[in-house]
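S.K.: If you scroll down you'll find the structure; I have some questions about it.
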Amino acid sequence: MSELRTFHAIVLVDGTGDVSRRAGSVAGLSLCERAVRVAHRAGAANVTIVRSADDRRRLGADWQASRASAVLVVRASDQVVHVPLVKPLIEAGVTALAVAPADAIAADLAAGDYAGALLAVGIDADAVVAALAAGDDDGAIAARLRPRAAAVPHGEIARHPARTRDERRAAARMLYRIIHKPQDNALTRYLYRPVSFPLTRLFLRTPITPNQISYLTAVLVLLGLWLTARGSVGEAITGTAVVLIASYVDCCDGEVARLKLLSSRFGAWLDTVIDELASLGYMVALGVHCQRHYGRDYFGHFATDPWIAATWVGIVTYALAIYFVYYNIIVVVGSANSQDYVGRFEVVPGAAPNTVRLRPAATQPIAPRRELHPVLKWIATYAPYGIRRDFISWATLAMAIARITHVAFIGLVLGGAVSAVVLSIDHVRLLRQRRAIQRSGQVLVLE
């Protein structure tokens, strides 16, 4: 297995089986558009689309100009493709054919059959480009390569035939599986996704980008905060409901990004920054609401307005909690998603001599050291959801409807304070681990 430096991609959408131009879109993209984005996502330096005989005649010049070490060929004339079709080929780094695994979602191919993507390296790449330029289809080329090429089973959610309307609908259902993230908790999976996904399907029919959906979320949040802070309970209910709606719209940006292959680091950061500022802003807006609605003397006569004082406590503790979380995920975990926060790490040997790395010591926020009673185990599993925005949005709306917005505000402030204390303990433990590694003379390798 060799390291693949650069590769050129060729997307085939011509031939007698071409349905891509009349098939419409599948999950928001045409067959050709999706294949091109798959190639770019896999790391292609550039992509050539072959739609006609003239395009084939120009292949040789494009290949020579690319100066790539390998060529990736993806057939998009009659199938929907996704990254797991080609990623195993790139990881193999040798001349290889994508083949159907035994447990493939699409049932049109038998296990081991060529699946419509191949990677050719070195002299094989020159031969493949020449054959395509001469008019050969990828299936015939794959048959000639098979005796010496590696057969690499494609990953899950990789391809699906799209020749008929029913097949395209089945292909869309296959792609829709990727809306779920590994970090999704039970609330997200069963309370949010069933509502956000129909909205996502509407967004897929428009040119709206995931980042524009994030901006729409921010506008809805600002509207909700303004309404909440105005003073009356009715406006607080409306404002809280708008913030809750924004949290549903917020799910759509990631879903659209995954389905349209538009995920980006900037988009991930934009989404998470809006999330954190929305949580902080809602706490502040609710504090202003309480100050206006209940008055500064609600708890008695004090030199300082208790609502304003509590709001500042919330601002400070929320800011500290955000700092601790993002130090953890950026510096150690290497993520832009606060759901990837790790509370405790253990030091384990690294791959190279005199190196160590930090490994999560527990996969759950509450990790008991012994087997618990089923009821306690259920509490340990689901209690952490109570401090997540998914739960808080619904809980605060219920409290607003019950006209106990002051209870909701106090709960948010206390929750922020408790979170800051717990996270600060994790943070200090992490800093001590890093300093101990430094004093030992070992090198910490961050993943």
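Each chain of the structure tokens is named A, B, ... in the order shown, its residues numbered from 1; ligands are numbered from 1 in display order.
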Hey, what does DSSP flag as alpha helix (DSSP H) within range 107-180 of chain A? Can you give it to me as a ChimeraX atom specification?
M.R.: /A:123-133,138-145,165-176
S.K.: Can you pull out every residue within 10 Å of range 74-77 of chain A, counting only C-alpha atoms, but drop anything in the same chain fewer than 2 positions away, and send it as a PyMOL selection string?
M.R.: chain A and resi 9-21+23+30-36+38-39+49-51+71-72+79-81+85-86+98+115-119+137-139+159+161-163
S.K.: Residues as selected, N, CA and C atoms, written as a CSV table (one decimal), in the first residue's frame, can you do that?
M.R.:
```csv
chain,number,residue,atom,x,y,z
A,9,ALA,N,-9.8,13.4,-10.9
A,9,ALA,CA,-11.1,12.6,-11.0
A,9,ALA,C,-11.8,12.8,-12.3
A,10,ILE,N,-12.4,11.8,-12.8
A,10,ILE,CA,-13.2,11.8,-14.0
A,10,ILE,C,-14.6,11.3,-13.7
A,11,VAL,N,-15.6,12.1,-13.9
A,11,VAL,CA,-17.0,11.8,-13.6
A,11,VAL,C,-17.7,11.5,-14.9
A,12,LEU,N,-18.2,10.3,-15.1
A,12,LEU,CA,-18.8,9.9,-16.3
A,12,LEU,C,-20.4,10.0,-16.2
A,13,VAL,N,-20.9,10.8,-17.1
A,13,VAL,CA,-22.4,11.0,-17.1
A,13,VAL,C,-22.9,10.8,-18.6
A,14,ASP,N,-22.1,10.2,-19.5
A,14,ASP,CA,-22.5,10.0,-20.8
A,14,ASP,C,-22.9,8.6,-21.1
A,15,GLY,N,-23.2,8.2,-22.3
A,15,GLY,CA,-23.5,6.8,-22.6
A,15,GLY,C,-25.0,6.6,-22.8
A,16,THR,N,-25.3,5.4,-23.3
A,16,THR,CA,-26.7,5.1,-23.5
A,16,THR,C,-27.6,5.0,-22.2
A,17,GLY,N,-26.9,4.7,-21.1
A,17,GLY,CA,-27.6,4.6,-19.9
A,17,GLY,C,-27.7,5.9,-19.1
A,18,ASP,N,-27.4,7.0,-19.8
A,18,ASP,CA,-27.4,8.3,-19.1
A,18,ASP,C,-28.8,8.8,-18.7
A,19,VAL,N,-29.1,8.9,-17.4
A,19,VAL,CA,-30.4,9.4,-17.0
A,19,VAL,C,-30.2,10.7,-16.2
A,20,SER,N,-28.9,11.1,-16.0
A,20,SER,CA,-28.6,12.2,-15.1
A,20,SER,C,-29.3,13.5,-15.4
A,21,ARG,N,-29.4,13.8,-16.7
A,21,ARG,CA,-30.0,15.1,-17.1
A,21,ARG,C,-31.5,15.1,-17.0
A,23,ALA,N,-33.2,13.0,-14.8
A,23,ALA,CA,-33.6,12.4,-13.6
A,23,ALA,C,-34.0,13.4,-12.5
A,30,SER,N,-28.2,16.9,-8.5
A,30,SER,CA,-28.3,15.9,-9.6
A,30,SER,C,-27.2,14.9,-9.5
A,31,LEU,N,-27.3,13.8,-10.2
A,31,LEU,CA,-26.4,12.7,-10.1
A,31,LEU,C,-24.9,13.2,-10.4
A,32,CYS,N,-24.8,14.1,-11.4
A,32,CYS,CA,-23.5,14.6,-11.8
A,32,CYS,C,-23.0,15.5,-10.7
A,33,GLU,N,-23.8,16.5,-10.2
A,33,GLU,CA,-23.3,17.4,-9.1
A,33,GLU,C,-22.9,16.6,-7.9
A,34,ARG,N,-23.6,15.6,-7.5
A,34,ARG,CA,-23.2,14.8,-6.4
A,34,ARG,C,-21.9,14.1,-6.6
A,35,ALA,N,-21.7,13.5,-7.7
A,35,ALA,CA,-20.5,12.8,-8.0
A,35,ALA,C,-19.3,13.7,-8.0
A,36,VAL,N,-19.4,14.9,-8.6
A,36,VAL,CA,-18.3,15.9,-8.5
A,36,VAL,C,-18.0,16.3,-7.1
A,38,VAL,N,-18.5,14.5,-4.4
A,38,VAL,CA,-17.9,13.4,-3.8
A,38,VAL,C,-16.4,13.3,-4.1
A,39,ALA,N,-16.1,13.6,-5.4
A,39,ALA,CA,-14.7,13.5,-5.8
A,39,ALA,C,-13.9,14.6,-5.1
A,49,ILE,N,-15.6,16.4,-16.1
A,49,ILE,CA,-16.9,15.8,-16.4
A,49,ILE,C,-17.0,15.4,-17.8
A,50,VAL,N,-17.4,14.1,-18.0
A,50,VAL,CA,-17.5,13.6,-19.4
A,50,VAL,C,-18.9,13.4,-19.7
A,51,ARG,N,-19.4,14.2,-20.6
A,51,ARG,CA,-20.8,14.2,-21.1
A,51,ARG,C,-21.0,13.7,-22.5
A,71,VAL,N,-5.7,8.5,-11.2
A,71,VAL,CA,-7.0,9.0,-11.7
A,71,VAL,C,-8.1,8.2,-11.0
A,72,LEU,N,-9.1,8.9,-10.6
A,72,LEU,CA,-10.3,8.3,-10.0
A,72,LEU,C,-11.4,8.4,-11.0
A,79,GLN,N,-26.4,6.1,-11.4
A,79,GLN,CA,-26.4,5.8,-10.0
A,79,GLN,C,-26.1,7.0,-9.1
A,80,VAL,N,-26.6,7.0,-7.9
A,80,VAL,CA,-26.3,8.1,-6.9
A,80,VAL,C,-25.1,7.6,-6.2
A,81,VAL,N,-24.1,8.4,-6.0
A,81,VAL,CA,-22.9,8.0,-5.3
A,81,VAL,C,-22.7,8.9,-4.1
A,85,LEU,N,-18.2,5.4,-1.3
A,85,LEU,CA,-17.9,4.6,-2.5
A,85,LEU,C,-16.4,4.7,-2.9
A,86,VAL,N,-15.9,6.0,-2.8
A,86,VAL,CA,-14.5,6.2,-3.3
A,86,VAL,C,-13.5,6.3,-2.2
A,98,ALA,N,-13.8,-0.4,-6.8
A,98,ALA,CA,-14.9,-0.5,-5.8
A,98,ALA,C,-15.8,-1.6,-6.1
A,115,ALA,N,-18.7,-1.7,-8.7
A,115,ALA,CA,-19.7,-0.8,-8.2
A,115,ALA,C,-19.7,0.6,-8.8
A,116,GLY,N,-19.0,0.7,-9.9
A,116,GLY,CA,-19.0,2.0,-10.6
A,116,GLY,C,-18.0,3.0,-10.2
A,117,ALA,N,-16.9,2.6,-9.6
A,117,ALA,CA,-15.8,3.6,-9.3
A,117,ALA,C,-14.5,2.8,-9.3
A,118,LEU,N,-13.5,3.4,-9.8
A,118,LEU,CA,-12.1,2.7,-9.8
A,118,LEU,C,-11.1,3.8,-9.6
A,119,LEU,N,-9.9,3.3,-9.1
A,119,LEU,CA,-8.8,4.2,-9.0
A,119,LEU,C,-7.6,3.5,-9.7
A,137,ASP,N,-16.3,2.1,-21.9
A,137,ASP,CA,-17.0,2.4,-20.7
A,137,ASP,C,-16.2,1.9,-19.5
A,138,ASP,N,-16.6,2.4,-18.3
A,138,ASP,CA,-15.8,2.1,-17.1
A,138,ASP,C,-16.0,0.6,-16.8
A,139,GLY,N,-17.1,0.0,-17.1
A,139,GLY,CA,-17.3,-1.4,-16.8
A,139,GLY,C,-16.3,-2.3,-17.6
A,159,ARG,N,-23.6,4.0,-2.6
A,159,ARG,CA,-24.2,4.1,-4.0
A,159,ARG,C,-25.6,3.4,-4.0
A,161,PRO,N,-28.6,2.5,-7.4
A,161,PRO,CA,-29.0,2.7,-8.8
A,161,PRO,C,-30.1,3.8,-8.8
A,162,ALA,N,-30.1,4.5,-9.9
A,162,ALA,CA,-31.0,5.7,-10.1
A,162,ALA,C,-31.6,5.8,-11.5
A,163,ARG,N,-31.9,4.6,-12.0
A,163,ARG,CA,-32.4,4.6,-13.4
A,163,ARG,C,-33.9,4.9,-13.5
```
S.K.: Determine which residues of range 130-335 of chain A DSSP labels as strand (DSSP E) from the backbone of this structure, then write them out as a ChimeraX atom specification.
M.R.: /A:150-153,159-161
S.K.: Please save C-alpha atoms of the selected residues as a PDB file, in the first residue's frame.
M.R.:
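So the final result, stored in part.pdb, reads:
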```
ATOM      1  CA  ALA A 150      -7.339  -4.706  -5.619  1.00  0.00           C
ATOM      2  CA  ALA A 151     -11.040  -5.347  -5.018  1.00  0.00           C
ATOM      3  CA  VAL A 152     -12.099  -2.904  -2.297  1.00  0.00           C
ATOM      4  CA  PRO A 153     -15.624  -3.243  -0.831  1.00  0.00           C
ATOM      5  CA  ARG A 159     -24.185   4.073  -3.967  1.00  0.00           C
ATOM      6  CA  HIS A 160     -27.634   3.241  -5.250  1.00  0.00           C
ATOM      7  CA  PRO A 161     -29.022   2.707  -8.769  1.00  0.00           C
TER       8      PRO A 161
END
```
S.K.: So that I can check the surroundings of range 256-266 of chain A, please list as a count of residues only every protein, DNA and RNA residue that reaches within 7 Å of it, counting only C-alpha atoms and ignoring chain neighbours fewer than 2 positions away.
M.R.: 16
S.K.: If you count only C-alpha atoms, which residues fall within 9 Å of Pro306 in chain A, apart from same-chain ones fewer than 4 positions away, as a PyMOL selection string?
M.R.: chain A and resi 291+296-299+302+310-311
S.K.: Go ahead and write the residues just picked, C-alpha atoms, as an mmCIF file, in the first residue's frame.
M.R.:
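Listing of part.cif after writing:
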```
data_model
loop_
_atom_site.group_PDB
_atom_site.id
_atom_site.type_symbol
_atom_site.label_atom_id
_atom_site.label_comp_id
_atom_site.auth_asym_id
_atom_site.auth_seq_id
_atom_site.Cartn_x
_atom_site.Cartn_y
_atom_site.Cartn_z
ATOM 1 C CA GLN A 291 -36.495 42.652 36.054
ATOM 2 C CA ARG A 296 -36.428 44.901 41.631
ATOM 3 C CA ASP A 297 -38.304 44.598 44.952
ATOM 4 C CA TYR A 298 -39.759 41.145 44.224
ATOM 5 C CA PHE A 299 -37.387 39.556 46.761
ATOM 6 C CA PHE A 302 -31.741 45.386 48.304
ATOM 7 C CA ALA A 310 -28.160 37.337 38.896
ATOM 8 C CA THR A 311 -27.904 38.127 35.182
#
```
S.K.: Could you check which of A:Tyr192, A:Trp307, A:Phe409, A:Phe324 is closest to Ser279 in chain A, using only C-alpha atoms?
M.R.: A:Phe409
